[in-house]
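Working notes for the structure below.
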Number of protein chains: 2
Amino acid sequence: MKVYKIPEATVMRLSIYSRYLHQLIDEGVDTVSSGEIAAGVGVGSAQVRKDLAYFGEFGTRGVGYKVEELYGYLIKILGLDQQWNVIIVGAGKLGSALALYQGFKDRGFSVCAILDNDPGRIGQKLGETTIEPLEQMDQRIKEHNIKVGIVTVPAQVAQEVTDRLITAGVTAILNFSPKVLRVPHEVTLRNVDLSVNLEVLSFNLALNS
Amino acid sequence: MKVYKIPEATVMRLSIYSRYLHQLIDEGVDTVSSGEIAAGVGVGSAQVRKDLAYFGEFGTRGVGYKVEELYGYLIKILGLDQQWNVIIVGAGKLGSALALYQGFKDRGFSVCAILDNDPGRIGQKLGETTIEPLEQMDQRIKEHNIKVGIVTVPAQVAQEVTDRLITAGVTAILNFSPKVLRVPHEVTLRNVDLSVNLEVLSFNLALNS
């Protein structure tokens with residue numbers, strides 16, 4: 001399957017469609033139209049059709065999509081038909097919250113290791129996982145074949161931690177630090193700035209005030 | 001200023017452009033082209049021009065945009081020329097992390113209150129803010145003229161908490177719970193599912209494997 005140049009916003013919507021389809025499966029629904037998906041997740045139906053069209057022809061005009069078939073396809077596209085092992089570096093409040101985040105488990109992401117260099121944190125348990133020193137990084141990444149690293153350390157050490165993760169074999173980085181990170185071309189980087197979410201709200205508040 | 005039907009993805013990019021422009025101001029840069037903004041934040045330059053065109057004519061052909069002027073305009077569009085007071089309901093690990101999240105402060109969001117119903121949490125301090133019981137909701141919202149509520153409670157109580165926030169005067173809800181919430185038409189709701197971020201990574205990992 002060759003897939004080219006899919007915009008990130010599309011991938012995020014595919015993720016949202018797949019959740020909605022999962023809900024429909026639970027409800028015993030067999031077929032769904034693009035209009036119903038659109039209404040269910042709050043985007044336009046033309047957008048839904050356009051997003052799905054990136055991946056070839058789906059659905060039957062006037063009948064719609066087979067829910068289970070489309071769900072299975074989206075899960076495969078999103079790489080969720082396999083388990084991804086994850087390492088978190090930084091066991092502060094955000095790192096700890098992420099280590100325990102049920103939403104990751106529900107979608108097949110398994111947090112196998114969480115590291116910190118604070119002796120006050122090392123040895124504490126977060127669910128099943130014990131906080132370990134940064135020196136364990138190489139071993140844990142190799143042992144669990146970890147490809148995904150989550151960086152929740154302070155800005156001043158974020159680049160160094162990222163470099164170490166990549167050297168040890170991680171090829172996808174989710175960065176929660178405010179630092180702009182540099183990664184090699186072959187590594188996928190995604191920066192999460194949680195305040196962007198609040199700014200979508202303040203945009204709307206300012207618009208209506 | 002009338003602004004119609006701006007896609008949420010555009011608003012999120014405006015937020016990211018504004019951060020980049022802030023960085024340019026710090027570096028003493030006076031003018032910037034759409035191509036430079038595009039390269040700086042990692043989107044296409046046609047996209048940058050299209051996003052900015054929603055808000056009228058900017059920039060001069062061949063010269064580019066005046067950095068400070070464009071920054072000021074984006075900040076105003078995003079509603080960040082004013083301070084927004086925020087209440088967090090749910091002082092678990094994620095709620096606590098958000099209460100201390102520097103990125104909110106940096107962008108003019110002030111967490112004025114954090115509530116929980118767990119006696120073991122009530123009275124604990126998160127930075128300057130003390131965790132208080134849910135009974136304080138009405139008083140804090142009125143006292144600080146809070147318009148933005150962040151919901152980080154378990155799914156089974158998320159709708160009830162949201163209803164109470166809205167009744168007390170909140171008009172924008174950021175939902176971190178996995179629950180699909182129902183809000184009145186005039187209330188802005190944004191759902192944050194952190195695993196979507198990991199799925200953008202697994203999409204890329206699956207693509208390249």
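Naming works like this for the structure tokens: A, B, ... for the chains as they're shown, residue 1 at the start of each chain, ligands 1 onward in shown order.
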Report as a ChimeraX atom specification the set of chain B residues whose atoms approach chain A to within 6 Å, with distances computed over only C-alpha atoms. /B:78-79,93-94,97,103-104,195,202-203,206
Can I get the selection written as a tab-separated table (two decimals), in the first residue's frame, with all heavy atoms?
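Final file, result28.tsv:
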chain	number	residue	atom	x	y	z
B	78	LEU	N	-6.59	35.62	17.74
B	78	LEU	CA	-6.65	34.47	18.65
B	78	LEU	C	-7.23	34.82	20.02
B	78	LEU	O	-7.36	33.95	20.88
B	78	LEU	CB	-5.24	33.87	18.82
B	78	LEU	CG	-4.65	33.19	17.58
B	78	LEU	CD1	-3.16	32.90	17.77
B	78	LEU	CD2	-5.40	31.89	17.27
B	79	GLY	N	-7.56	36.09	20.21
B	79	GLY	CA	-8.14	36.50	21.50
B	79	GLY	C	-7.09	36.57	22.60
B	79	GLY	O	-7.43	36.56	23.78
B	93	LYS	N	-3.48	13.49	38.09
B	93	LYS	CA	-2.15	13.80	37.55
B	93	LYS	C	-2.25	14.74	36.35
B	93	LYS	O	-1.48	15.69	36.22
B	93	LYS	CB	-1.42	12.51	37.15
B	93	LYS	CG	-0.95	11.74	38.37
B	93	LYS	CD	0.14	10.75	38.01
B	93	LYS	CE	0.44	9.84	39.19
B	93	LYS	NZ	1.04	10.55	40.33
B	94	LEU	N	-3.22	14.48	35.46
B	94	LEU	CA	-3.33	15.33	34.27
B	94	LEU	C	-3.79	16.75	34.66
B	94	LEU	O	-3.20	17.74	34.22
B	94	LEU	CB	-4.30	14.70	33.26
B	94	LEU	CG	-4.42	15.42	31.92
B	94	LEU	CD1	-3.06	15.55	31.24
B	94	LEU	CD2	-5.39	14.70	31.01
B	97	ALA	N	-0.94	18.51	36.24
B	97	ALA	CA	0.06	18.91	35.24
B	97	ALA	C	-0.41	20.15	34.49
B	97	ALA	O	0.37	21.07	34.24
B	97	ALA	CB	0.31	17.75	34.26
B	103	GLY	N	3.16	26.66	29.57
B	103	GLY	CA	2.67	27.11	28.27
B	103	GLY	C	1.37	27.90	28.35
B	103	GLY	O	1.12	28.79	27.54
B	104	PHE	N	0.51	27.59	29.32
B	104	PHE	CA	-0.74	28.34	29.48
B	104	PHE	C	-0.43	29.76	29.93
B	104	PHE	O	-0.93	30.73	29.36
B	104	PHE	CB	-1.67	27.67	30.51
B	104	PHE	CG	-2.26	26.36	30.05
B	104	PHE	CD1	-2.88	25.52	30.96
B	104	PHE	CD2	-2.21	25.96	28.72
B	104	PHE	CE1	-3.44	24.31	30.56
B	104	PHE	CE2	-2.76	24.76	28.30
B	104	PHE	CZ	-3.38	23.93	29.24
B	195	SER	N	-4.07	10.63	22.57
B	195	SER	CA	-3.56	9.51	21.77
B	195	SER	C	-3.59	9.80	20.27
B	195	SER	O	-2.86	9.17	19.51
B	195	SER	CB	-4.28	8.21	22.11
B	195	SER	OG	-5.65	8.36	21.96
B	202	SER	N	2.30	6.76	14.68
B	202	SER	CA	2.21	5.36	14.26
B	202	SER	C	1.82	5.27	12.78
B	202	SER	O	2.26	4.36	12.07
B	202	SER	CB	1.23	4.56	15.13
B	202	SER	OG	-0.09	5.05	15.03
B	203	PHE	N	1.03	6.25	12.31
B	203	PHE	CA	0.73	6.33	10.86
B	203	PHE	C	2.03	6.41	10.07
B	203	PHE	O	2.24	5.69	9.11
B	203	PHE	CB	-0.15	7.56	10.59
B	203	PHE	CG	-0.27	7.91	9.13
B	203	PHE	CD1	-1.18	7.25	8.32
B	203	PHE	CD2	0.52	8.90	8.57
B	203	PHE	CE1	-1.29	7.58	6.97
B	203	PHE	CE2	0.41	9.23	7.23
B	203	PHE	CZ	-0.50	8.56	6.42
B	206	ALA	N	4.13	3.15	10.40
B	206	ALA	CA	3.57	2.06	9.59
B	206	ALA	C	3.86	2.29	8.11
B	206	ALA	O	4.14	1.35	7.37
B	206	ALA	CB	2.06	1.96	9.82
List the spatial neighbours of Tyr71 in chain A as a count of residues only - criterion: any atom at most 10 Å away, only C-alpha atoms, same-chain residues fewer than 5 positions off excluded. 13
If you measure from CA of Ile114 in chain A to CA of Gln159 in chain A, what distance in Å do you get, rounded to one decimal?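 Separation of CA of Ile114 in chain A and CA of Gln159 in chain A: 17.4 Å.
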Please identify the strand (DSSP E) residues within range 5-205 of chain A (assignment by DSSP from backbone atoms) and present them as a PyMOL selection string. chain A and resi 31-32+65-66+84-89+109-115+125-126+129-132+148-151+172-175+188-191
State, in Å with one decimal place, the distance from CA of Gln156 in chain A to CA of Gly169 in chain A.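 Spanning CA of Gln156 in chain A to CA of Gly169 in chain A is a straight-line distance of 22.1 Å.
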Please compute the CA of Ala113 in chain B-CA of Leu126 in chain B distance, one decimal, in Å. 10.0 Å
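The list of residues with at least one atom within 8 Å of Arg121 in chain B, based on only C-alpha atoms and without residues fewer than 5 positions apart in the same chain, reads Ala91, Asp116 and Ile131 of chain B.
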Give me every alpha helix (DSSP H) residue in range 24-204 of chain A, going by DSSP on the backbone, as an MDAnalysis selection string. chainID A and resid 24:26 34:41 45:53 67:77 93:99 102:106 137:143 155:167 195:204
Could the residues in this selection be saved with C-alpha atoms as a tab-separated table (two decimals), in the first residue's frame?
chain	number	residue	atom	x	y	z
A	24	LEU	CA	-20.98	2.19	15.71
A	25	ILE	CA	-19.65	-1.38	15.79
A	26	ASP	CA	-20.45	-1.51	19.51
A	34	SER	CA	-20.28	9.92	4.84
A	35	GLY	CA	-23.00	12.33	6.03
A	36	GLU	CA	-23.58	10.24	9.15
A	37	ILE	CA	-19.87	10.05	9.90
A	38	ALA	CA	-19.65	13.80	9.35
A	39	ALA	CA	-22.52	14.50	11.73
A	40	GLY	CA	-21.15	12.04	14.28
A	41	VAL	CA	-17.75	13.67	14.53
A	45	SER	CA	-19.42	15.42	4.77
A	46	ALA	CA	-17.38	16.63	1.77
A	47	GLN	CA	-14.34	16.62	4.06
A	48	VAL	CA	-15.05	13.04	5.14
A	49	ARG	CA	-15.29	11.90	1.50
A	50	LYS	CA	-12.12	13.78	0.59
A	51	ASP	CA	-10.19	12.31	3.52
A	52	LEU	CA	-11.23	8.76	2.72
A	53	ALA	CA	-10.56	9.26	-1.01
A	67	VAL	CA	-18.65	-0.06	9.12
A	68	GLU	CA	-16.40	-2.99	10.05
A	69	GLU	CA	-14.54	-2.96	6.76
A	70	LEU	CA	-13.86	0.78	6.90
A	71	TYR	CA	-12.86	0.57	10.57
A	72	GLY	CA	-10.40	-2.24	9.85
A	73	TYR	CA	-8.92	-0.29	7.00
A	74	LEU	CA	-8.49	2.90	9.02
A	75	ILE	CA	-6.89	0.98	11.90
A	76	LYS	CA	-4.42	-0.48	9.42
A	77	ILE	CA	-3.68	2.90	7.83
A	93	LYS	CA	3.38	15.59	36.55
A	94	LEU	CA	2.82	15.56	32.79
A	95	GLY	CA	5.04	12.53	32.17
A	96	SER	CA	3.34	10.68	35.01
A	97	ALA	CA	-0.11	11.58	33.70
A	98	LEU	CA	0.87	10.29	30.25
A	99	ALA	CA	2.31	7.06	31.70
A	102	GLN	CA	-5.85	5.11	29.58
A	103	GLY	CA	-6.35	6.50	26.08
A	104	PHE	CA	-2.89	5.25	25.04
A	105	LYS	CA	-3.58	1.69	26.20
A	106	ASP	CA	-6.99	1.71	24.52
A	137	MET	CA	17.45	4.10	28.21
A	138	ASP	CA	19.49	1.98	25.80
A	139	GLN	CA	18.63	-1.28	27.48
A	140	ARG	CA	14.88	-0.64	27.67
A	141	ILE	CA	14.66	0.55	24.06
A	142	LYS	CA	16.47	-2.53	22.76
A	143	GLU	CA	14.71	-4.98	25.08
A	155	ALA	CA	13.43	22.64	27.60
A	156	GLN	CA	17.14	22.91	28.40
A	157	VAL	CA	17.70	19.13	28.28
A	158	ALA	CA	15.08	18.20	25.65
A	159	GLN	CA	17.47	18.17	22.67
A	160	GLU	CA	20.04	16.07	24.50
A	161	VAL	CA	17.39	13.54	25.57
A	162	THR	CA	16.01	13.43	22.01
A	163	ASP	CA	19.46	12.78	20.54
A	164	ARG	CA	20.00	9.94	22.99
A	165	LEU	CA	16.60	8.40	22.17
A	166	ILE	CA	17.36	8.47	18.45
A	167	THR	CA	20.84	7.02	18.92
A	195	SER	CA	-2.04	25.76	24.91
A	196	VAL	CA	-2.98	25.61	21.19
A	197	ASN	CA	-6.16	23.91	22.40
A	198	LEU	CA	-6.98	26.80	24.70
A	199	GLU	CA	-6.28	29.23	21.86
A	200	VAL	CA	-8.92	27.60	19.68
A	201	LEU	CA	-11.31	28.39	22.54
A	202	SER	CA	-10.11	31.97	23.05
A	203	PHE	CA	-10.40	32.52	19.28
A	204	ASN	CA	-14.07	31.58	19.53
